[in-house]
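Here is the file data-v7.cif (mmCIF, C-alpha atoms).
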```
data_final
#
loop_
_atom_site.group_PDB
_atom_site.id
_atom_site.type_symbol
_atom_site.label_atom_id
_atom_site.label_comp_id
_atom_site.auth_asym_id
_atom_site.auth_seq_id
_atom_site.Cartn_x
_atom_site.Cartn_y
_atom_site.Cartn_z
ATOM 1 C CA MET A 1 115.767 -93.169 -18.048
ATOM 2 C CA SER A 2 112.048 -93.627 -17.497
ATOM 3 C CA GLU A 3 110.267 -96.746 -18.694
ATOM 4 C CA ALA A 4 108.544 -94.784 -21.475
ATOM 5 C CA ASP A 5 111.873 -93.305 -22.623
ATOM 6 C CA HIS A 6 113.456 -96.742 -22.522
ATOM 7 C CA GLU A 7 110.698 -98.247 -24.659
ATOM 8 C CA ALA A 8 110.846 -95.375 -27.163
ATOM 9 C CA THR A 9 114.632 -95.704 -27.399
ATOM 10 C CA VAL A 10 114.468 -99.457 -28.006
ATOM 11 C CA ARG A 11 111.678 -99.027 -30.544
ATOM 12 C CA ARG A 12 113.680 -96.411 -32.485
ATOM 13 C CA ILE A 13 116.876 -98.509 -32.354
ATOM 14 C CA ASN A 14 114.914 -101.431 -33.808
ATOM 15 C CA GLU A 15 113.415 -99.233 -36.539
ATOM 16 C CA LEU A 16 116.866 -98.048 -37.535
ATOM 17 C CA ALA A 17 118.215 -101.613 -37.451
ATOM 18 C CA ARG A 18 115.472 -102.792 -39.822
ATOM 19 C CA LYS A 19 116.111 -99.874 -42.149
ATOM 20 C CA ALA A 20 119.871 -100.516 -42.068
ATOM 21 C CA LYS A 21 119.241 -104.072 -43.290
ATOM 22 C CA THR A 22 116.897 -103.043 -46.097
ATOM 23 C CA THR A 23 117.680 -99.628 -47.605
ATOM 24 C CA GLY A 24 120.626 -98.466 -45.525
ATOM 25 C CA LEU A 25 120.972 -95.457 -43.257
ATOM 26 C CA THR A 26 121.858 -91.854 -43.974
ATOM 27 C CA ASP A 27 124.739 -90.250 -42.096
ATOM 28 C CA GLU A 28 122.229 -88.524 -39.813
ATOM 29 C CA GLU A 29 120.501 -91.815 -39.067
ATOM 30 C CA LEU A 30 123.840 -93.482 -38.359
ATOM 31 C CA ASP A 31 124.642 -90.724 -35.874
ATOM 32 C CA GLU A 32 121.187 -91.068 -34.290
ATOM 33 C CA ARG A 33 121.565 -94.850 -34.051
ATOM 34 C CA ASN A 34 124.972 -94.550 -32.404
ATOM 35 C CA GLU A 35 123.684 -91.957 -29.941
ATOM 36 C CA LEU A 36 120.645 -94.085 -29.055
ATOM 37 C CA ARG A 37 122.780 -97.187 -28.606
ATOM 38 C CA ARG A 38 125.148 -95.295 -26.291
ATOM 39 C CA LYS A 39 122.171 -93.952 -24.312
ATOM 40 C CA TYR A 40 120.733 -97.482 -24.001
ATOM 41 C CA ILE A 41 124.061 -99.013 -22.933
ATOM 42 C CA ASP A 42 124.704 -96.263 -20.371
ATOM 43 C CA SER A 43 121.227 -96.761 -18.923
ATOM 44 C CA PHE A 44 121.735 -100.532 -18.762
ATOM 45 C CA LYS A 45 125.097 -100.131 -17.003
ATOM 46 C CA SER A 46 123.634 -97.682 -14.509
ATOM 47 C CA SER A 47 120.761 -100.014 -13.717
ATOM 48 C CA LEU A 48 123.069 -103.002 -13.315
ATOM 49 C CA ARG A 49 125.468 -101.034 -11.130
ATOM 50 C CA SER A 50 122.565 -99.969 -8.911
ATOM 51 C CA GLN A 51 121.379 -103.566 -8.564
ATOM 52 C CA LEU A 52 124.872 -104.782 -7.714
ATOM 53 C CA ASP A 53 125.333 -102.020 -5.130
ATOM 54 C CA ASN A 54 122.210 -103.252 -3.338
ATOM 55 C CA ILE A 55 123.332 -106.866 -3.016
ATOM 56 C CA LYS A 56 123.980 -107.988 0.537
ATOM 57 C CA PHE A 57 126.266 -110.986 0.980
ATOM 58 C CA VAL A 58 125.315 -113.428 3.698
ATOM 59 C CA ASP A 59 127.593 -116.199 4.931
ATOM 60 C CA GLU A 60 125.446 -118.692 6.818
ATOM 61 C CA ASN A 61 128.481 -120.728 7.907
ATOM 62 C CA ALA A 62 130.118 -117.728 9.560
ATOM 63 C CA ASP A 63 126.901 -116.972 11.447
ATOM 64 C CA ALA A 64 126.694 -120.569 12.732
ATOM 65 C CA GLU A 65 130.344 -120.488 13.902
ATOM 66 C CA ASN A 66 129.846 -117.222 15.813
ATOM 67 C CA LYS A 67 126.787 -118.612 17.659
ATOM 68 C CA GLY A 68 128.427 -121.898 18.664
#
```

Please re-express this file's structure in structure tokens.
Amino acid sequence: MSEADHEATVRRINELARKAKTTGLTDEELDERNELRRKYIDSFKSSLRSQLDNIKFVDENADAENKG
């Protein structure tokens, strides 16, 4: 999801959340909200997974033992 798509998704989720608290949501809006939330969560998970896949573990103690 591009940054612009992400921002638009978050903005729309927030709009629907405000409306849900005041006047309530129609069935169509509930479906839209659920779809947008799923899209946001999937994007977040994908981003997190990518970050975790790029972590390199370094054990400084093991390096010192191998040199000595």

(request) Go ahead and compute the interatomic distance for atom CA of Lys45 of chain A and atom CA of His6 of chain A, in Å to one decimal. (result) 13.3 Å

Can you pull out the residues contacting Lys39 of chain A? Cut-off 12 Å, using all atoms listed in the file, and skip same-chain residues under 4 positions away; I want them as a PDB file with C-alpha atoms, keeping the file's coordinate frame.
```
ATOM      1  CA  MET A   1     115.767 -93.169 -18.048  1.00  0.00           C
ATOM      2  CA  ASP A   5     111.873 -93.305 -22.623  1.00  0.00           C
ATOM      3  CA  HIS A   6     113.456 -96.742 -22.522  1.00  0.00           C
ATOM      4  CA  ALA A   8     110.846 -95.375 -27.163  1.00  0.00           C
ATOM      5  CA  THR A   9     114.632 -95.704 -27.399  1.00  0.00           C
ATOM      6  CA  VAL A  10     114.468 -99.457 -28.006  1.00  0.00           C
ATOM      7  CA  ILE A  13     116.876 -98.509 -32.354  1.00  0.00           C
ATOM      8  CA  GLU A  32     121.187 -91.068 -34.290  1.00  0.00           C
ATOM      9  CA  ARG A  33     121.565 -94.850 -34.051  1.00  0.00           C
ATOM     10  CA  ASN A  34     124.972 -94.550 -32.404  1.00  0.00           C
ATOM     11  CA  GLU A  35     123.684 -91.957 -29.941  1.00  0.00           C
ATOM     12  CA  SER A  43     121.227 -96.761 -18.923  1.00  0.00           C
ATOM     13  CA  PHE A  44     121.735-100.532 -18.762  1.00  0.00           C
ATOM     14  CA  LYS A  45     125.097-100.131 -17.003  1.00  0.00           C
ATOM     15  CA  SER A  46     123.634 -97.682 -14.509  1.00  0.00           C
TER      16      SER A  46
END
```

(request) To one decimal in Å, tell me the separation between atom CA of Lys19 of chain A and atom CA of Glu7 of chain A. (result)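 Going from atom CA of Lys19 of chain A over to atom CA of Glu7 of chain A covers 18.4 Å.
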
(message) As an exercise, work out the distance from atom CA of Glu15 of chain A to atom CA of Asp27 of chain A in Å and give it to one decimal place.
(response) 15.5 Å
